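To start, the structure under review is shown below, and the notes come after it.
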Amino acid sequence: MRNVFMPVIVAVLMTIFTKSDGADRTLFDFAEPLDATRVETFATTVRQVDGGLEVTVSESGSYPYVKLMAPSENWNLASYRYLEMDVTNTGQIDIEISGWVFSPGGFGAVCSFSLNHEYWAVLAPDTKTTIQIDLQAKYPDGTTTVINSAEVGFVQVFYKSNAAVGSQVRIDEIRVTGENPDGAPDVSGRLRVPTMVEGKPEAGKRVRQTVPRYADTDIYHVLYLPPNWTPERRFPIIAEYSGNIFYHGWCYSTGRPESSSMGYGMSEGKDYIWVNLSFVDPVGKKNEVNGWGDPDATAAYCVDAIRYLCDEFGGDPGAVFLTGFSRGALACGYIGLRTEEIADVWLGFHACQHYDGDGWRSAVYEDARNIRGPRIRGRATFLTDNGGSPASKILPELGFPAVFAKSGLGAHMDIMFLDDRESNLQLRAWMADVLKNRPGTTTISGRVTSASGKGVPNVCVQSGTTHFALTDAEGYYRIESLVDGERTVIPSRETFAFTPAERSVALSGTPAESVDFEVVESNK
């Protein structure tokens with residue numbers, strides 16, 4: 001379990017030093033009692049021994065770790081070049097470990113990859129090594145810093161995924177060394193992603209949330225309401241799926257919804273509701289960080305969540321974008337087009353680095369091309385760093401509009417959406433155009449009246465699980481962003497009955513108008 005801590009540990013000494021005078025600085029020497037509130041473990045146990053911190057794999061798990069957090073405020077390590085940690089394999093099994101340095105606000109983390117592409121330290125029993133991490137590392141584009149070294153939140157040591165129970169390493173010291181001649185990195189041009197918190201949704205806040213029927217589970221999504229949010233108006237939605245759990249090279253991905261940042265960058269943190277969706281494990285009643293979970297349950301949760309956000313928080317049911325990175329990019333098709341019901345939700349699609357049909361975990365090309373792909377039905381797609389993906393064949397063959405852009409980051413990561421690089425400006429302009437012109441969709445409109453011909457307000461007229469509109473003061477409604485096909489239109493309002501109770505409409509590229517209903521007054 002996460003946040004497990006051995007009772008024998010009392011506390012981590014985190015000595016806080018003044019600004020660097022050029023000398024090395026020790027962050028952890030483990031010679032004093034430990035502060036348990038600053039230590040988090042997963043699938044490991046820890047104890048102090050021989051002046052070090054011994055970390056033992058206690059259960060089978062994906063990437064067992066120990067996380068050592070900064071004290072009450074984050075560390076400013078901008079004046080240093082490297083973070084180093086001395087580690088020894090004190091067990092009886094060969095191990096592979098890596099160290100990471102994390103910076104909050106959407107920056108993610110850096111490991112030894114920029115210095116040594118064999119960044120997993122391979123240690124035989126009784127072998128010692130020093131892991132060195134470049135605090136000032138840049139992505140392959142040469143300009144984008146990996147972390148904000150002026151704000152470091154924690155240091156994390158991972159065992160490689162599914163390490164053997166009993167694997168054991170001792171961390172003797174963690175320090176920062178070397179002078180950084182360039183000073184603090186300039187991150188003024190990058191958006192800062194809000195941290196997920198517990199509590200009630202509010203404008204400008206990002207909170208953990210669960211749709212009501214999953215209230216007794218650990219399944220959750222993450223909701224962000226923009227600073228200009230008010231309950232009186234409707235806002236477009238960006239729905240995002242995260243990457244898989246993956247700590248490799250440049251990529252620090254926890255697999256959890258809160259680790260995603262694309263939607264915030266796509267919207268610049270304003271004017272859109274942003275939701276990070278979950279991959280659902282209905283058996284364990286939790287979010288799945290590794291793989292799809294149950295794909296059907298994941299799709300059902302998504303539809304529930306979008307309808308919930310439209311009903312309770314003013315989401316616009318006709319303006320929902322689906323986006324994702326890596327696993328999440330595949331999910332734009334594998335989950336987002338899995339059934340006619342969920343495929344009906346979206347106005348547009350954006351996938352970054354991967355696409356449905358590349359064969360990962362049952363996302364085979366034939367099904368992506370012949371079953372799921374056709375459900376796009378002419379709606380628009382934008383693809384970032386996806387030029388050689390199955391999308392480059394599937395979308396042109398189906399005749400659906402697609403824009404391909406290159407971020408230039410040169411790494412498997414999703415932080416490129418937090419600045420104003422050309423690909424992002426293009427993406428934001430594409431979103432505005434899709435909202436304006438709504439390609440591949442049309443509308444159904446009409447009026448709900450009383451027997452005397454007077455318009456009836458506040459009737460919910462629905463066509464599909466997430467497409468609906470309320471009648472205005474004169475009884476008029478308009479349902480937007482509907483794909484072609486046979487659709488059923490149903491009016492509803494508590495204590496009211498209608499004639500007809502529903503109507504069938506065949507959409508084929510042009511709006512359906514005068515789809516009218518009459519209230520049966522006697523049923524009030």
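To be explicit about the labels: the chains of the structure tokens are called A, B, and onward in the order shown, and within each one the residues are counted from 1, while ligands get numbers from 1 in the order they are shown.
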Return as a Markdown table the residues of segment 131-158 of chain A lying at most 12 Å from segment 421-442 of chain A, together with the closest atom-to-atom pair for each and the distance in Å to one decimal, counting only C-alpha atoms, with rows in chain order and ascending residue number.
```
| residue | atom | partner | partner_atom | distance |
| --- | --- | --- | --- | --- |
| A:Asp141 | CA | A:Arg421 | CA | 11.5 |
| A:Thr143 | CA | A:Arg421 | CA | 11.2 |
| A:Thr144 | CA | A:Arg421 | CA | 10.5 |
```
- Task: Name the residues of segment 158-377 of chain A that come out as alpha helix (DSSP H) in a backbone DSSP run; write them as a PyMOL selection string.
- Result: chain A and resi 262-267+295-313+327-334+340-343+365-367
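For Ala351 of chain A, the non-local neighbours within 10 Å, defined as residues at least 2 positions apart in the same chain or in other chains and counting only C-alpha atoms, are A:Glu240, A:Tyr241, A:Leu322, A:Thr323, A:Gly324, A:Phe325, A:Ser326, A:Arg327, A:Gly328, A:Ala329, A:Leu330, A:Ala331, A:Cys332, A:Gly333, A:Phe349, A:Gln353, A:His354, A:Tyr355, A:Asp356, A:Thr381, A:Phe382, A:Leu383, A:Thr384, A:Asp385, A:Asn386, A:Ala391, A:Phe404.
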- So what do you get for atom CA of Gly263 of chain A versus atom CA of Ala405 of chain A, distance-wise? 16.7 Å
- Task: To one decimal in Å, tell me the separation between atom CA of Gly189 of chain A and atom CA of Asp419 of chain A.
- Result: 6.0 Å
Could you list, as a PDB file with N, CA and C atoms, in the first residue's frame, every residue within 10 Å of segment 193-206 of chain A, counting only C-alpha atoms and ignoring same-chain residues fewer than 6 positions away?
```pdb
ATOM      1  N   PRO A 104       7.203  20.376  -8.768  1.00  0.00           N
ATOM      2  CA  PRO A 104       5.747  20.475  -8.938  1.00  0.00           C
ATOM      3  C   PRO A 104       5.356  21.476 -10.019  1.00  0.00           C
ATOM      4  N   GLY A 105       4.031  21.591 -10.236  1.00  0.00           N
ATOM      5  CA  GLY A 105       3.513  22.569 -11.179  1.00  0.00           C
ATOM      6  C   GLY A 105       3.453  22.087 -12.611  1.00  0.00           C
ATOM      7  N   GLY A 106       3.530  20.749 -12.810  1.00  0.00           N
ATOM      8  CA  GLY A 106       3.468  20.204 -14.153  1.00  0.00           C
ATOM      9  C   GLY A 106       4.818  19.954 -14.785  1.00  0.00           C
ATOM     10  N   PHE A 107       5.913  20.249 -14.075  1.00  0.00           N
ATOM     11  CA  PHE A 107       7.243  20.054 -14.631  1.00  0.00           C
ATOM     12  C   PHE A 107       7.643  18.580 -14.655  1.00  0.00           C
ATOM     13  N   VAL A 222     -10.294  13.787 -11.817  1.00  0.00           N
ATOM     14  CA  VAL A 222      -9.808  15.063 -11.276  1.00  0.00           C
ATOM     15  C   VAL A 222     -10.440  16.189 -12.076  1.00  0.00           C
ATOM     16  N   LEU A 223     -11.103  17.101 -11.365  1.00  0.00           N
ATOM     17  CA  LEU A 223     -11.868  18.173 -12.000  1.00  0.00           C
ATOM     18  C   LEU A 223     -11.202  19.525 -11.766  1.00  0.00           C
ATOM     19  N   TYR A 224     -11.074  20.289 -12.831  1.00  0.00           N
ATOM     20  CA  TYR A 224     -10.589  21.677 -12.740  1.00  0.00           C
ATOM     21  C   TYR A 224     -11.640  22.594 -13.340  1.00  0.00           C
ATOM     22  N   LEU A 225     -12.067  23.578 -12.558  1.00  0.00           N
ATOM     23  CA  LEU A 225     -12.973  24.614 -13.039  1.00  0.00           C
ATOM     24  C   LEU A 225     -12.163  25.879 -13.294  1.00  0.00           C
ATOM     25  N   PRO A 226     -12.311  26.507 -14.469  1.00  0.00           N
ATOM     26  CA  PRO A 226     -11.474  27.668 -14.803  1.00  0.00           C
ATOM     27  C   PRO A 226     -11.767  28.856 -13.887  1.00  0.00           C
ATOM     28  N   PRO A 227     -10.845  29.807 -13.801  1.00  0.00           N
ATOM     29  CA  PRO A 227     -11.039  30.964 -12.906  1.00  0.00           C
ATOM     30  C   PRO A 227     -12.299  31.760 -13.203  1.00  0.00           C
ATOM     31  N   ASN A 228     -12.753  31.768 -14.458  1.00  0.00           N
ATOM     32  CA  ASN A 228     -13.959  32.528 -14.803  1.00  0.00           C
ATOM     33  C   ASN A 228     -15.224  31.678 -14.737  1.00  0.00           C
ATOM     34  N   TRP A 229     -15.126  30.504 -14.113  1.00  0.00           N
ATOM     35  CA  TRP A 229     -16.293  29.625 -14.028  1.00  0.00           C
ATOM     36  C   TRP A 229     -17.378  30.235 -13.150  1.00  0.00           C
ATOM     37  N   THR A 230     -18.593  30.129 -13.612  1.00  0.00           N
ATOM     38  CA  THR A 230     -19.775  30.475 -12.824  1.00  0.00           C
ATOM     39  C   THR A 230     -20.841  29.431 -13.121  1.00  0.00           C
ATOM     40  N   PRO A 231     -21.732  29.163 -12.186  1.00  0.00           N
ATOM     41  CA  PRO A 231     -22.779  28.155 -12.435  1.00  0.00           C
ATOM     42  C   PRO A 231     -23.849  28.634 -13.399  1.00  0.00           C
ATOM     43  N   PRO A 257      -4.672   9.971 -12.662  1.00  0.00           N
ATOM     44  CA  PRO A 257      -5.269  11.109 -13.376  1.00  0.00           C
ATOM     45  C   PRO A 257      -4.596  12.439 -13.070  1.00  0.00           C
ATOM     46  N   GLU A 258      -4.178  12.642 -11.830  1.00  0.00           N
ATOM     47  CA  GLU A 258      -3.617  13.933 -11.452  1.00  0.00           C
ATOM     48  C   GLU A 258      -2.252  14.202 -12.060  1.00  0.00           C
ATOM     49  N   SER A 259      -1.629  13.174 -12.668  1.00  0.00           N
ATOM     50  CA  SER A 259      -0.314  13.385 -13.274  1.00  0.00           C
ATOM     51  C   SER A 259      -0.402  14.020 -14.652  1.00  0.00           C
ATOM     52  N   SER A 260      -1.582  14.132 -15.208  1.00  0.00           N
ATOM     53  CA  SER A 260      -1.758  14.663 -16.561  1.00  0.00           C
ATOM     54  C   SER A 260      -1.816  16.185 -16.566  1.00  0.00           C
ATOM     55  N   SER A 261      -1.335  16.794 -17.654  1.00  0.00           N
ATOM     56  CA  SER A 261      -1.307  18.258 -17.713  1.00  0.00           C
ATOM     57  C   SER A 261      -1.704  18.823 -19.073  1.00  0.00           C
ATOM     58  N   MET A 262      -2.003  17.957 -20.050  1.00  0.00           N
ATOM     59  CA  MET A 262      -2.252  18.434 -21.408  1.00  0.00           C
ATOM     60  C   MET A 262      -3.422  19.405 -21.488  1.00  0.00           C
ATOM     61  N   GLY A 263      -4.537  19.049 -20.863  1.00  0.00           N
ATOM     62  CA  GLY A 263      -5.734  19.873 -20.962  1.00  0.00           C
ATOM     63  C   GLY A 263      -5.527  21.274 -20.421  1.00  0.00           C
ATOM     64  N   TYR A 264      -4.700  21.377 -19.384  1.00  0.00           N
ATOM     65  CA  TYR A 264      -4.414  22.703 -18.828  1.00  0.00           C
ATOM     66  C   TYR A 264      -3.646  23.541 -19.843  1.00  0.00           C
ATOM     67  N   GLY A 265      -2.682  22.916 -20.527  1.00  0.00           N
ATOM     68  CA  GLY A 265      -1.933  23.639 -21.538  1.00  0.00           C
ATOM     69  C   GLY A 265      -2.763  23.960 -22.762  1.00  0.00           C
ATOM     70  N   GLU A 268      -4.821  26.852 -21.710  1.00  0.00           N
ATOM     71  CA  GLU A 268      -4.090  27.869 -20.950  1.00  0.00           C
ATOM     72  C   GLU A 268      -4.709  28.080 -19.567  1.00  0.00           C
ATOM     73  N   GLY A 269      -5.418  27.068 -19.080  1.00  0.00           N
ATOM     74  CA  GLY A 269      -5.997  27.135 -17.750  1.00  0.00           C
ATOM     75  C   GLY A 269      -7.205  28.045 -17.637  1.00  0.00           C
ATOM     76  N   LYS A 270      -7.859  28.336 -18.746  1.00  0.00           N
ATOM     77  CA  LYS A 270      -9.003  29.243 -18.695  1.00  0.00           C
ATOM     78  C   LYS A 270     -10.063  28.837 -19.715  1.00  0.00           C
ATOM     79  N   ILE A 273     -13.679  23.742 -18.798  1.00  0.00           N
ATOM     80  CA  ILE A 273     -13.640  22.759 -17.725  1.00  0.00           C
ATOM     81  C   ILE A 273     -12.674  21.660 -18.175  1.00  0.00           C
ATOM     82  N   TRP A 274     -11.810  21.239 -17.265  1.00  0.00           N
ATOM     83  CA  TRP A 274     -10.810  20.213 -17.598  1.00  0.00           C
ATOM     84  C   TRP A 274     -10.989  19.048 -16.636  1.00  0.00           C
ATOM     85  N   VAL A 275     -11.134  17.856 -17.185  1.00  0.00           N
ATOM     86  CA  VAL A 275     -11.307  16.673 -16.341  1.00  0.00           C
ATOM     87  C   VAL A 275     -10.307  15.600 -16.756  1.00  0.00           C
ATOM     88  N   PHE A 313     -22.076  21.021 -13.178  1.00  0.00           N
ATOM     89  CA  PHE A 313     -21.054  22.066 -13.185  1.00  0.00           C
ATOM     90  C   PHE A 313     -21.029  22.888 -14.475  1.00  0.00           C
ATOM     91  N   LEU A 418       2.726  23.126 -22.117  1.00  0.00           N
ATOM     92  CA  LEU A 418       2.698  24.171 -21.099  1.00  0.00           C
ATOM     93  C   LEU A 418       3.404  25.446 -21.529  1.00  0.00           C
TER      94      LEU A 418
END
```
- Message: Rounded to one decimal, what separation in Å do you get between atom CA of Ser514 of chain A and atom CA of Ile479 of chain A?
- Response: 12.1 Å
Per residue of segment 109-153 of chain A within 12 Å of segment 173-187 of chain A, which atom pair is closest and at what distance in Å (one decimal), using only C-alpha atoms, listed by chain and increasing number, as CSV?
```
residue,atom,partner,partner_atom,distance
A:Thr129,CA,A:Glu173,CA,11.4
A:Thr130,CA,A:Glu173,CA,9.5
A:Ile131,CA,A:Ile174,CA,9.5
A:Gln132,CA,A:Val176,CA,9.3
A:Ile133,CA,A:Val176,CA,9.3
A:Asp134,CA,A:Val176,CA,9.9
A:Leu135,CA,A:Asn180,CA,8.9
A:Gln136,CA,A:Pro185,CA,7.7
A:Ala137,CA,A:Pro185,CA,10.2
A:Lys138,CA,A:Pro185,CA,10.3
A:Thr143,CA,A:Asp186,CA,10.2
A:Thr144,CA,A:Val187,CA,8.9
A:Thr145,CA,A:Pro185,CA,7.3
A:Val146,CA,A:Pro185,CA,10.0
A:Ile147,CA,A:Pro185,CA,8.8
A:Asn148,CA,A:Pro185,CA,6.6
A:Ser149,CA,A:Ala184,CA,7.1
A:Ala150,CA,A:Ala184,CA,6.2
A:Glu151,CA,A:Ala184,CA,9.8
A:Val152,CA,A:Val176,CA,11.9
```
- Which residues, written as number ranges by chain, have at least one atom at most 9 Å from Val155 of chain A, with only C-alpha atoms counted and residues fewer than 5 positions away on the same chain left out? A: 66-70, 99-102, 174
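Shortest separation to Gly378 of chain A among A:Asp472, A:Glu494, A:Asp35, A:Glu397 occurs at residue A:Glu397, atoms counted being only C-alpha atoms.
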- A:Val280, A:Cys302, A:Ala497, A:Val483: which is nearest Asp218 of chain A, counting only C-alpha atoms?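 Residue with the minimum atom-to-atom distance to Asp218 of chain A: A:Val280.
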- Task: Write out as a ChimeraX atom specification each polymer residue whose atoms come within 8 Å of Thr88 of chain A, counting only C-alpha atoms; drop sequence neighbours fewer than 2 positions from it.
- Result: /A:86,90,123,126-129,169-172
- Query: A:Arg190, A:Arg377, A:Val165, A:Lys454: which is nearest Ala473 of chain A, counting only C-alpha atoms?
  - Reply: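 Looking at the shortest contact to Ala473 of chain A, the residue is A:Lys454.
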